[in-house]
Amino acid sequence: MNQNTKQKRSAASWLAELAKGRYGEYALSVLTALLGVACSLIPYFIIIRLITALVNGTAELPRCLTLCAWMAGCWVLRYVLHSVSTSLSHHATFHVLANTRVRLLDKLATLPLGTVLDRSSGSYKNIIVERVDSIETTLAHLLPEMTTNIVGALAVLVLLFIEDWRMGLSMFIVLPLGILCFMSMFSGYNEKFQRTVTATKTLNDTAVEYISGIEVIKAFGQSRTSYAKFVSAAKEGADCFIDWMRGSLFGQVAGMAILPSTLLGILPVGCLLYMHGTLSAETFLAVIVLSFGVMQPLITAFSYTDDIAQVTTIVGEVAEVLSGKDMQRPERAEKLPADNAVELKDVRFAYHDKEVLHGIDLHIAPGTVNALVGPSGSGKSTIARLIASLWDVKDGEIDLGGVDIRTLPLAECTKHIAYVSQDNYLFDLSVMDNIRMGRKGATDAEVIDAAKKCGCHEFIMGLENGYQTVCGASGGHLSGGERQRISIARAMLKDAPIVILDEATSYTDPENEAVIQSALGRLVRGKTLLVIAHRLSTIADADQIIVVNQGKIEATGTQAELLASCPLYQTMWEAHISVKDDGEVA
Ligand SMILES: Nc1ncnc2c1ncn2[C@@H]1O[C@H](COP(=O)(O)OP(=O)(O)OP(=O)(O)O)[C@@H](O)[C@H]1O
């Protein structure tokens, strides 16, 4: 996805965009950190003055004590400024992280469903929680601490050159070696880190799959197979981590060891110059003290090399989701739908490369009841999802009231269509709030009214806490039939003029299905209704029955017309009747 976008935009540009609106706080954070570094450098000058006074024999106790008090003051101030800088950068960063997570979730709502489903929920959780968390180090620490420490080290280096340029040069005997060691970490780092990230993702997915499928695993005694899959993912993860650590550890450890040994370069040179009488003792001592002022901030700055190397991968994952291609919908509609008719014109659709709809032409008149029937896998749900704008057609056109839905804003389509899928997802909220999702701002009385009309008031009142009963994760505290009935009430509360029910009553028992069907009959009066149903008796009175077979429309008509002219429908009806006669299904 979006290789081009990824190539065009660097991690730094993405970070700058994510941090938009917080630049002031970051600038202030860097400024206070710089003042902190300045405070940490002042003690070096004081030490030099003390050394000079001691060497020259001009040192006096009160003056020495005053200088020590100044040093203590600078150190205290440095920590105060450091804390202020860190607080500012963290305050800004946690807001940026929260906004980034909101942006990611908003983005998922505007991406085509197919793009969203291409990744597992484990991967999304990984990106939205872990990856976004990892940006914290970059924004809250790297920016103020690394930049200021590098600036601080450079400032002291300049002073060292001013003190004695030859000694300044001697710093470069060991310093480049240390820096080179740190830099060596970058070789192959990205690939290795990327592999580690992928392995972690697989581990996440396997764990989520194991937990989601725990019912099947237990029922079919598959714990060994699934467990083996998880163990292998965990092992792969460990191998990747070890490989990545091995590749970067040497450079980091060698760099950390070499940088402080800069003295090995300046001591011999200093001794030589001192013995030749071209370097005074106080300058020599001052240079030694200043060299610590170069090394200490550099070591702090280089301790972040690991994080720098990870930035591209971390930001890249977040950016990949954020730069995903939205459904092509305009902000405003040029023309609004004239009525609630739906028309499919030579619609073709493919999941990835596999075409599953091969030129669908269909007219659904406003205010009519329509049913999609056909063998399993024939493409009924796909047609419903395309009309509901969950995906865009690959070819052809879908019109809503005479207007191509691609020229309507998504919100306009959503306003016109209420879609109840097979999944009937309920959130871990109260029954009241789950139904209220149908229409934001609906009063409790309106929610209860919708539930009553859909025939679910009785069973809701029988739940532990009535309408305040929490549905559990994915509605897990309720039965399949109860979930379906609440989903229908939610759709009905929305009161959209077009209603699509994709096997919305498949889990419901015959008795309750009859209640729902009669409630639906009243509720959808005057609306355009499209139902997908396997129980043909429930759609026998439909104005139009559309028979779908292998991604094509086989026939359309009323029940009587199809029984007279469509062999596939006849077969399906006979099969349905025979099962009904056996008493298995009503
Ligand atoms: N997300 C998906 N990714 C890839 N292929 C898919 C996806 N969803 C459905 N398909 C395939 O598209 C074809 C049509 O599926 P669809 O769900 O529309 O059929 P259906 O008629 O509604 O089936 P059923 O009655 O069993 O629900 C099938 O071959 C199915 O395997």
# chains A, B, ... in the order shown; residues from 1 in each chain; ligands from 1

call {"tool": "residues_near_ligand", "arguments": {"ligand": "ligand 1", "cutoff": "12 Å", "atoms": "only C-alpha atoms and all ligand atoms", "output": "count of residues only"}}
result
58

call {"tool": "select_by_dssp", "arguments": {"residues": "stretch 238-395 of chain A", "states": "alpha helix (DSSP H)", "output": "NGL selection string"}}
result
:A and (238-258 or 263-275 or 281-302 or 305-322 or 380-387)

call {"tool": "write_last_selection", "arguments": {"atoms": "C-alpha atoms", "output": "mmCIF file, in the first residue's frame"}}
result
data_model
loop_
_atom_site.group_PDB
_atom_site.id
_atom_site.type_symbol
_atom_site.label_atom_id
_atom_site.label_comp_id
_atom_site.auth_asym_id
_atom_site.auth_seq_id
_atom_site.Cartn_x
_atom_site.Cartn_y
_atom_site.Cartn_z
ATOM 1 C CA ALA A 238 13.246 -14.254 19.637
ATOM 2 C CA ASP A 239 15.609 -15.165 16.752
ATOM 3 C CA CYS A 240 14.923 -11.859 15.018
ATOM 4 C CA PHE A 241 15.520 -9.913 18.225
ATOM 5 C CA ILE A 242 18.805 -11.724 18.859
ATOM 6 C CA ASP A 243 19.961 -11.123 15.282
ATOM 7 C CA TRP A 244 19.024 -7.446 15.517
ATOM 8 C CA MET A 245 20.697 -7.000 18.904
ATOM 9 C CA ARG A 246 23.822 -8.842 17.746
ATOM 10 C CA GLY A 247 24.101 -6.550 14.729
ATOM 11 C CA SER A 248 23.805 -3.349 16.711
ATOM 12 C CA LEU A 249 25.345 -4.269 20.056
ATOM 13 C CA PHE A 250 28.998 -4.227 18.961
ATOM 14 C CA GLY A 251 28.801 -0.704 17.507
ATOM 15 C CA GLN A 252 26.986 0.645 20.538
ATOM 16 C CA VAL A 253 29.250 -0.961 23.141
ATOM 17 C CA ALA A 254 32.439 -0.071 21.225
ATOM 18 C CA GLY A 255 31.231 3.514 20.782
ATOM 19 C CA MET A 256 30.357 3.822 24.465
ATOM 20 C CA ALA A 257 33.790 2.425 25.390
ATOM 21 C CA ILE A 258 35.822 4.552 22.962
ATOM 22 C CA LEU A 263 41.843 11.318 26.941
ATOM 23 C CA LEU A 264 44.050 8.691 25.296
ATOM 24 C CA GLY A 265 44.426 11.155 22.421
ATOM 25 C CA ILE A 266 44.832 14.423 24.292
ATOM 26 C CA LEU A 267 47.052 13.218 27.154
ATOM 27 C CA PRO A 268 50.100 12.151 25.078
ATOM 28 C CA VAL A 269 49.828 15.229 22.813
ATOM 29 C CA GLY A 270 49.419 17.517 25.860
ATOM 30 C CA CYS A 271 52.395 15.948 27.665
ATOM 31 C CA LEU A 272 54.549 16.327 24.560
ATOM 32 C CA LEU A 273 53.648 20.002 24.102
ATOM 33 C CA TYR A 274 54.048 20.683 27.836
ATOM 34 C CA MET A 275 57.501 19.077 27.844
ATOM 35 C CA ALA A 281 50.129 23.653 32.882
ATOM 36 C CA GLU A 282 46.875 25.601 33.415
ATOM 37 C CA THR A 283 45.916 25.364 29.710
ATOM 38 C CA PHE A 284 46.718 21.642 29.780
ATOM 39 C CA LEU A 285 44.484 21.124 32.825
ATOM 40 C CA ALA A 286 41.769 23.340 31.335
ATOM 41 C CA VAL A 287 41.800 21.275 28.124
ATOM 42 C CA ILE A 288 41.475 18.024 30.113
ATOM 43 C CA VAL A 289 38.453 19.448 31.972
ATOM 44 C CA LEU A 290 36.897 20.759 28.732
ATOM 45 C CA SER A 291 37.348 17.399 27.027
ATOM 46 C CA PHE A 292 34.908 15.959 29.588
ATOM 47 C CA GLY A 293 32.499 18.722 28.560
ATOM 48 C CA VAL A 294 32.656 17.392 24.994
ATOM 49 C CA MET A 295 32.445 13.715 25.811
ATOM 50 C CA GLN A 296 29.654 13.705 28.381
ATOM 51 C CA PRO A 297 27.005 15.363 26.164
ATOM 52 C CA LEU A 298 28.173 13.320 23.164
ATOM 53 C CA ILE A 299 27.718 10.063 25.080
ATOM 54 C CA THR A 300 24.198 11.162 26.084
ATOM 55 C CA ALA A 301 23.428 12.167 22.481
ATOM 56 C CA PHE A 302 24.754 8.917 21.027
ATOM 57 C CA THR A 305 21.321 6.265 18.055
ATOM 58 C CA ASP A 306 19.250 3.128 18.543
ATOM 59 C CA ASP A 307 16.093 5.193 18.599
ATOM 60 C CA ILE A 308 17.085 7.212 15.520
ATOM 61 C CA ALA A 309 17.635 4.011 13.588
ATOM 62 C CA GLN A 310 14.121 2.831 14.519
ATOM 63 C CA VAL A 311 12.288 6.047 13.659
ATOM 64 C CA THR A 312 11.826 5.291 9.952
ATOM 65 C CA THR A 313 10.279 1.890 10.603
ATOM 66 C CA ILE A 314 8.073 3.054 13.471
ATOM 67 C CA VAL A 315 6.792 6.189 11.752
ATOM 68 C CA GLY A 316 6.556 4.257 8.462
ATOM 69 C CA GLU A 317 3.981 1.859 9.930
ATOM 70 C CA VAL A 318 1.804 4.667 11.260
ATOM 71 C CA ALA A 319 2.243 6.631 8.016
ATOM 72 C CA GLU A 320 1.254 3.621 5.914
ATOM 73 C CA VAL A 321 -2.173 3.522 7.545
ATOM 74 C CA LEU A 322 -2.599 7.313 7.560
ATOM 75 C CA LYS A 380 -25.309 -11.553 -2.264
ATOM 76 C CA SER A 381 -23.448 -9.974 0.678
ATOM 77 C CA THR A 382 -20.963 -8.386 -1.701
ATOM 78 C CA ILE A 383 -23.802 -6.639 -3.562
ATOM 79 C CA ALA A 384 -25.262 -5.441 -0.236
ATOM 80 C CA ARG A 385 -21.880 -4.122 0.948
ATOM 81 C CA LEU A 386 -21.290 -2.255 -2.306
ATOM 82 C CA ILE A 387 -24.688 -0.546 -2.032
#

call {"tool": "closest_residue", "arguments": {"among": "A:Gly557, A:Gly455, A:Gly122, A:Pro43", "to": "A:Gln544", "atoms": "only C-alpha atoms"}}
result
A:Gly557

call {"tool": "residues_around", "arguments": {"residues": "A:Leu536", "least_positions_apart": "6", "cutoff": "9 Å", "atoms": "only C-alpha atoms", "output": "PyMOL selection string"}}
result
chain A and resi 373+572-573+576-577

call {"tool": "atom_distance", "arguments": {"atom1": "atom CA of A:Leu108", "atom2": "atom CA of A:Pro497"}}
result
25.7 Å

call {"tool": "closest_residue", "arguments": {"among": "A:Ala365, A:Val156, A:Leu67, A:Ile214", "to": "A:Lys527", "atoms": "only C-alpha atoms"}}
result
A:Ala365

call {"tool": "closest_residue", "arguments": {"among": "A:Asp399, A:Leu279, A:Arg406, A:Ile486", "to": "A:Met432", "atoms": "only C-alpha atoms"}}
result
A:Ile486

call {"tool": "residues_around", "arguments": {"residues": "A:Ala496", "least_positions_apart": "3", "cutoff": "7 Å", "atoms": "only C-alpha atoms", "output": "list in words"}}
result
Lys415, His416, Ile417, Ala418 and Val499 of chain A

call {"tool": "atom_distance", "arguments": {"atom1": "atom CA of A:Leu568", "atom2": "atom CA of A:Ile360"}}
result
17.6 Å

call {"tool": "atom_distance", "arguments": {"atom1": "atom CA of A:Ile48", "atom2": "atom CA of A:Val80"}}
result
24.3 Å

call {"tool": "select_by_dssp", "arguments": {"residues": "stretch 341-414 of chain A", "states": "strand (DSSP E or B)", "output": "ChimeraX atom specification"}}
result
/A:342-351,354-364,369-373,395-400,403-404

call {"tool": "write_last_selection", "arguments": {"atoms": "C-alpha atoms", "output": "JSON list (two decimals), in the first residue's frame"}}
result
[["chain", "number", "residue", "atom", "x", "y", "z"],
["A", 342, "VAL", "CA", -31.11, 1.93, -6.09],
["A", 343, "GLU", "CA", -29.69, 1.03, -9.49],
["A", 344, "LEU", "CA", -26.68, -1.16, -10.27],
["A", 345, "LYS", "CA", -25.28, -0.72, -13.79],
["A", 346, "ASP", "CA", -22.91, -3.39, -15.09],
["A", 347, "VAL", "CA", -21.25, -3.64, -11.67],
["A", 348, "ARG", "CA", -18.06, -5.65, -11.42],
["A", 349, "PHE", "CA", -16.15, -6.30, -8.23],
["A", 350, "ALA", "CA", -13.07, -8.27, -7.21],
["A", 351, "TYR", "CA", -11.58, -9.11, -3.83],
["A", 354, "LYS", "CA", -10.56, -12.57, -7.79],
["A", 355, "GLU", "CA", -13.61, -11.13, -9.57],
["A", 356, "VAL", "CA", -16.76, -12.22, -7.74],
["A", 357, "LEU", "CA", -19.38, -9.99, -9.41],
["A", 358, "HIS", "CA", -19.45, -10.14, -13.18],
["A", 359, "GLY", "CA", -21.61, -7.31, -14.55],
["A", 360, "ILE", "CA", -24.62, -6.89, -12.26],
["A", 361, "ASP", "CA", -27.61, -4.88, -13.58],
["A", 362, "LEU", "CA", -30.34, -4.33, -11.05],
["A", 363, "HIS", "CA", -33.14, -1.88, -10.37],
["A", 364, "ILE", "CA", -34.62, -1.53, -6.91],
["A", 369, "VAL", "CA", -39.37, -4.89, -0.60],
["A", 370, "ASN", "CA", -36.57, -6.71, -2.41],
["A", 371, "ALA", "CA", -34.83, -9.95, -1.59],
["A", 372, "LEU", "CA", -31.48, -11.28, -2.73],
["A", 373, "VAL", "CA", -31.38, -15.06, -2.80],
["A", 395, "ASP", "CA", -16.22, -1.24, -12.64],
["A", 396, "GLY", "CA", -19.71, -0.06, -13.46],
["A", 397, "GLU", "CA", -21.82, 2.22, -11.28],
["A", 398, "ILE", "CA", -24.26, 2.21, -8.40],
["A", 399, "ASP", "CA", -26.86, 4.99, -8.38],
["A", 400, "LEU", "CA", -28.84, 6.20, -5.40],
["A", 403, "VAL", "CA", -26.96, 9.84, -8.52],
["A", 404, "ASP", "CA", -23.72, 7.84, -8.71]]

call {"tool": "closest_residue", "arguments": {"among": "A:Pro337, A:Gly402, A:Pro144, A:Gly237", "to": "A:Lys192", "atoms": "only C-alpha atoms"}}
result
A:Gly237

call {"tool": "closest_residue", "arguments": {"among": "A:Asp543, A:Met437, A:Trp70, A:Ala38", "to": "A:Leu562", "atoms": "only C-alpha atoms"}}
result
A:Asp543

call {"tool": "closest_residue", "arguments": {"among": "A:Leu410, A:Ile46, A:Leu31, A:Leu105", "to": "A:Val84", "atoms": "only C-alpha atoms"}}
result
A:Leu31
